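Notes to accompany the following structure.
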Amino acid sequence: METSEFRLRARALVDSPALTYRQRVQALAGLAEEALDPPRVSEECAAALASGLVNDLAEGNAPYRPRYLLPDYATALAHGSEFLGLEVPHDLYEAVAFLLSMYSQVPSITGYPVYIGDIDRLLEPYAVGVDDETLLKLMRLMWVTIDRSLPDAFTHANLGPDDSRVGRTILALERELLQTVPNLTLRVDVERTPDDLVLDAVRTVFACGKPHFVNHAMMTADLGDDYGVVSCYNSLKVGGGSHTLVRLNLAESVRRSEGGLDDWLQTVLPHHVELTAELMSARITSLVEQARFFDHSWLAEEGLVHLDRMSAMFGIFGLAEAVNELVARSGSVGRYGTDAAATALGWHVVERISELVAATPLPHCEGNGGHAFLHSQSGIDSDLGVTAGTRIPIGEEPPLLEHLLAVAPNHRFFASGVSDIVHFDETAQRNPRAVVDVIRGAMSSGMRDVTFNLDSNDFIRITGYLVRKSDLAKLAATGAARHGSDVLAAGSVANSRVTDRVVKRVISCESTPRPAG
Amino acid sequence: MSQPRALLADVVPFSWVDGPGNRFAVFFQGCNLDCLACHNPHTMPQLTGRAREVTVDELVADVRRVAPFLSGVTVSGGEATLQASFVAAFFQTLHDDPATAALTRYVDSNGCADAATWDMLLPVTDGVMLDLKALDCETHLALTHHSNAPVLMSLHHLAAAGKLAEVRLLIVPGYNDGEDALRDTGDYLAEHAPGVPVRIIGFRPHGVRAAARDIPEPTTEDREHYAEWVASAVGAELVSIV
């Protein structure tokens, strides 16, 4: 970047009437990073990035914090923090204040923490002996403070799999406050989580689109007991996280092959996986060895994150278009999601990629045995004509049962998350038990992540994060938004027909040319 | 030995409007009423080229495939009790099969079945959702071309057996929407089916035959009035509106 361009763009940000003070500071930091050279890669890799075959979600030229960090809040509460100058909390008031203080010092790609902990497990011990009214008041203050001080819908809290007073209080508050922040996940263990808790969560979905549901048994099998769901649908190890998320555009990959299925699977795809991994490797090395994040982060110093629990996320998207093109080349007409053979080909492709990624070593990824976690990346606001992750294209989704059975076999390959958003009309609201049945059935059938969108409330799930339709209308009218994620959502709505989804289920793209996802 | 066969109008693997939770709904072909307001008139005739024949094993296999997603199975129609021996065999097999044993088994009926039919079904049935088109016999005749005597007998029989899961009142403006009639219906249900939930369903012209297309659709406010009149005796907690 020329100095003159830098100066012009910096001036535009400083003078921007649409940005809050903090948004200006963040944008200026992004601009400064852009002025540096990106991590060095081969010419072919750089070309793949420039052309969109490989995409780094514009994480920035000079990685200086991991994309997703999952601090071990339980250890912090148990030992206090020298960096924060906080003693071990002894009651619920001190514990809430401790966590709120800590959140302000947890980095991620968005500038805000993408993970604020397993709130029920963290706070339930402090809630013993606290009366219901006090608990509700304190949790309401905490929840309002999180929304106002961390105005980013990628900030994510976890609940479950067990029932708790704190968990129930938070679900009630979600229905009352109708905030987009924090994003929320309920872990569901079909053997262990009571139906009544899932039902309470389903009623909360009707009010505000949250929580997202994850299959606890699958998660613990892949990630161990200490995992968290962060940002959109990204599941990672607590005390670790993901250095980076780089994604491979499968539709584009197929377009670049000239042969048939075998040629693509055996020759072209492995090469494109290599190019993606090359970029990941360069970014990880830059973060860990040049910016040396783990050498001077207070979180690492106090044992709240560990380099050996870190990994990286290898994302894929555009499976539907890739499969449809391969099927067409073979002279058939079936489409991914509705034709059995095409759908099965999709499963086969995912399995093949999973094998390739598992065989590709990456530096500083001891959190997953020296490899990346595979991730079905749910899109960004600038994606056009290519379907998010491994979803079925918007408007082509079969009826609910067929939809679930078509996508479920993919889920076991995506330890770090996959989303197939199911969109309901208000029939569901008269029979919430039916939604509980669908969740349990989906999980018994091997689905890892289950997310709902409901047509009749003010909330819309863009990729994995939420925005309010009323906030989008305000953004359109005034050009300004308090939540940074609203700005990204506006791009998704404009570019990917998010609001035109077929009633029944929703697709979209995870967002952002900038942070998160 | 040849298996019993049934004639089906349709099967819906996921239904959210045919009883509690997510249900596998089986719509039998053929009905013994002739309701003006029927929204599935093609299911009325006993014989039609559109229906398909199935065996118990075929139908159970379809249920097994989706059983993890279900609260239960509901047989509806048409009128399922017209093919009661098939329903009994179907429910017995669901009960005996470990993969489907946990599912609840419901019958959605117009009530035109005799005591012997119910006695065959009830041992393998968890609940019956019964339509009561009108408490007044003349009104019932006008709406269905049949007397409601068998329906009321079914109601008594099912309530006494503890298997009456729900009573459904389809309100057709100009026919059975009068305040006095609905208050009487509420009194009757409070006495003869105490504690049983009542669902108020407003007429919708969608799918009905030409003769019923000009009947107005009740407004939300109308439905609330219907519910209030019925609830005065039954109790508001038992009355819901669709």
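In the structure tokens, chains take letters A, B, ... by order of appearance, with residues numbered from 1 within each chain and ligands from 1 in the order shown.
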Interface rows for chain A against chain B: nearest pair, Å to one decimal, 6 Å, only C-alpha atoms, as a Markdown table:
```
| residue | atom | partner | partner_atom | distance |
| --- | --- | --- | --- | --- |
| A:Arg433 | CA | B:Gly21 | CA | 4.6 |
| A:Ala434 | CA | B:Gly21 | CA | 3.7 |
| A:Asp437 | CA | B:Phe69 | CA | 5.2 |
| A:Val438 | CA | B:Phe69 | CA | 5.1 |
| A:Gly441 | CA | B:Phe69 | CA | 3.8 |
```
> Which polymer residues have any atom within 8 Å of an atom of Gly207 in chain B, counting only C-alpha atoms, with same-chain residues fewer than 5 positions away left out, as JSON, numbers by chain?
Replying inline: {"B": [38, 39, 40, 41]}
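Minimum distance to Ile439 in chain A across A:Asp131, A:Asp189, A:Asp263, A:Glu44 (counting only C-alpha atoms) occurs at A:Asp189.
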Please provide the set of residues having any atom within 6 Å of range 183-187 of chain B, restricted to only C-alpha atoms, with same-chain residues fewer than 6 positions apart removed, written as a tab-separated table (two decimals) with C-alpha atoms, in the first residue's frame.
```tsv
chain	number	residue	atom	x	y	z
B	229	TRP	CA	-67.87	-19.84	25.55
B	230	VAL	CA	-66.64	-23.43	25.67
B	233	ALA	CA	-67.68	-24.74	31.81
B	234	VAL	CA	-64.65	-26.73	30.69
```
> Between A:Tyr465, A:Phe6, A:Phe452, A:Tyr103, which one has atoms that come closest to Gln179 in chain A, using only C-alpha atoms?
Replying inline: A:Tyr465
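Distance check against Cys45 in chain A using only C-alpha atoms: of A:Ala12, A:Ile392, A:Ile116, A:Leu279, the minimum falls on A:Leu279.
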Spatial neighbours of Leu250 in chain A, max dist 12 Å, only C-alpha atoms, sep filter under 5 positions, as a compact mmCIF listing (two decimals) with C-alpha atoms, in the first residue's frame:
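Result file follows (part13.txt):
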```
# COMPACT_ATOMS: atom_id res chain seq x y z
CA GLY A 52 -10.57 -16.98 -4.27
CA LEU A 53 -9.82 -20.69 -4.57
CA VAL A 54 -8.43 -20.38 -1.08
CA ASN A 55 -9.79 -17.75 1.26
CA ARG A 255 -13.98 -25.75 -12.02
CA ARG A 256 -10.20 -25.89 -12.21
CA SER A 257 -10.14 -29.58 -12.98
CA TRP A 264 -10.46 -34.39 -9.20
CA LEU A 265 -10.46 -36.59 -6.11
CA VAL A 268 -6.65 -31.83 -8.18
CA LEU A 269 -8.28 -31.87 -4.76
CA PRO A 270 -5.15 -33.10 -2.91
CA HIS A 272 -5.71 -27.70 -3.49
CA VAL A 273 -5.74 -29.08 0.05
CA THR A 276 -4.79 -24.32 1.65
CA GLY A 315 -12.81 -24.91 6.22
CA ILE A 316 -14.61 -26.05 3.13
CA PHE A 317 -17.58 -24.53 1.32
CA GLY A 318 -19.42 -24.87 -1.97
CA LEU A 319 -19.83 -28.65 -1.70
CA ALA A 320 -23.24 -28.45 -3.40
CA GLU A 321 -21.94 -26.70 -6.52
CA ALA A 322 -18.88 -28.96 -6.64
CA VAL A 323 -21.02 -32.10 -6.55
CA ASN A 324 -23.54 -30.77 -9.04
CA GLU A 325 -20.78 -29.97 -11.49
CA LEU A 326 -19.19 -33.41 -11.08
CA GLY A 346 -21.19 -35.34 -1.42
CA VAL A 349 -16.16 -36.03 -1.13
CA VAL A 350 -16.31 -34.90 2.50
CA ILE A 353 -11.21 -34.31 2.24
CA SER A 376 -17.91 -26.85 7.25
CA GLN A 377 -17.58 -23.12 6.81
CA VAL A 386 -21.76 -20.58 -3.91
CA THR A 387 -23.47 -22.42 -1.08
CA ALA A 388 -22.20 -22.19 2.46
CA GLY A 389 -20.28 -25.15 3.84
CA THR A 390 -21.89 -28.47 3.04
```
>> Could you go through range 146-327 of chain A and tell me which residues DSSP, when run on the backbone, assigns to strand (DSSP E or B), listing them as a ChimeraX atom specification?
In response: /A:156-159,183-188,212-215,227-230,234-237,240-249,310-317
> Using only C-alpha atoms, which of A:Arg309, A:His212, A:Arg9, A:Arg168 sits nearest Leu197 in chain A?
Replying inline: A:Arg168
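The residue that comes closest to Met310 in chain A, out of A:Tyr68, A:Phe414, A:Phe459, A:Tyr336 and on the basis of only C-alpha atoms, is A:Tyr68.
Between CA of Leu33 in chain B and CA of Gly77 in chain B lies a distance of 11.2 Å.
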